[in-house]
Amino acid sequence: MSRPELIKQLKSKHPKLNRGQLELIIDSFFKSIEDALKKKKSIFLRGFGTFYIKEIKASHNLRNPKTGELIYRPKRNKVRFRASKKFKEFINL
């Protein structure tokens, strides 16, 4: 589902809110998730799941398969999502 589709769906469920208000709500929701992840905090959404940061170690022994040259990849952070038990049950009905 894209952002405009989400706004349309919310507009149909809440006709009293205008498009600008819905965009502001969606933007502030995602901005708060981004800010928490930048601070390496986990986001728990009850009944949906958890977003968290996982640190990936640096790699020293990587090779370019074409040239055989050694490549160094520094440590980095990745965003991970773990679905809640209730969400998994809902999806697997």
# chains A, B, ... in the order shown; residues from 1 in each chain; ligands from 1

$ select_by_dssp --residues "chain A" --states "alpha helix (DSSP H)" --output "JSON, numbers by chain"
{"A": [3, 4, 5, 6, 7, 8, 9, 10, 11, 12, 13, 19, 20, 21, 22, 23, 24, 25, 26, 27, 28, 29, 30, 31, 32, 33, 34, 35, 36, 37, 38, 85, 86, 87, 88, 89, 90, 91]}

$ select_by_dssp --residues "stretch 11-90 of chain A" --states "strand (DSSP E or B)" --output "ChimeraX atom specification"
/A:43-45,49-56,59-63,70-73,76-83

$ residues_around --residues "A:Asn61" --least-positions-apart "2" --cutoff "10 Å" --atoms "only C-alpha atoms" --output "MDAnalysis selection string"
chainID A and resid 58:59 63 70:73

$ closest_residue --among "A:Leu45, A:Ala83, A:Leu6, A:Met1" --to "A:Ile33" --atoms "only C-alpha atoms"
A:Leu45

$ atom_distance --atom1 "atom CA of A:Tyr52" --atom2 "atom CA of A:Gln21"
28.1 Å

$ atom_distance --atom1 "atom CA of A:Ile7" --atom2 "atom CA of A:Arg19"
7.3 Å

$ closest_residue --among "A:Phe29, A:Asn18, A:Phe48, A:Glu55" --to "A:Ile91" --atoms "only C-alpha atoms"
A:Phe48

$ closest_residue --among "A:Val79, A:Lys54, A:Ser12, A:His60" --to "A:Glu34" --atoms "only C-alpha atoms"
A:Val79
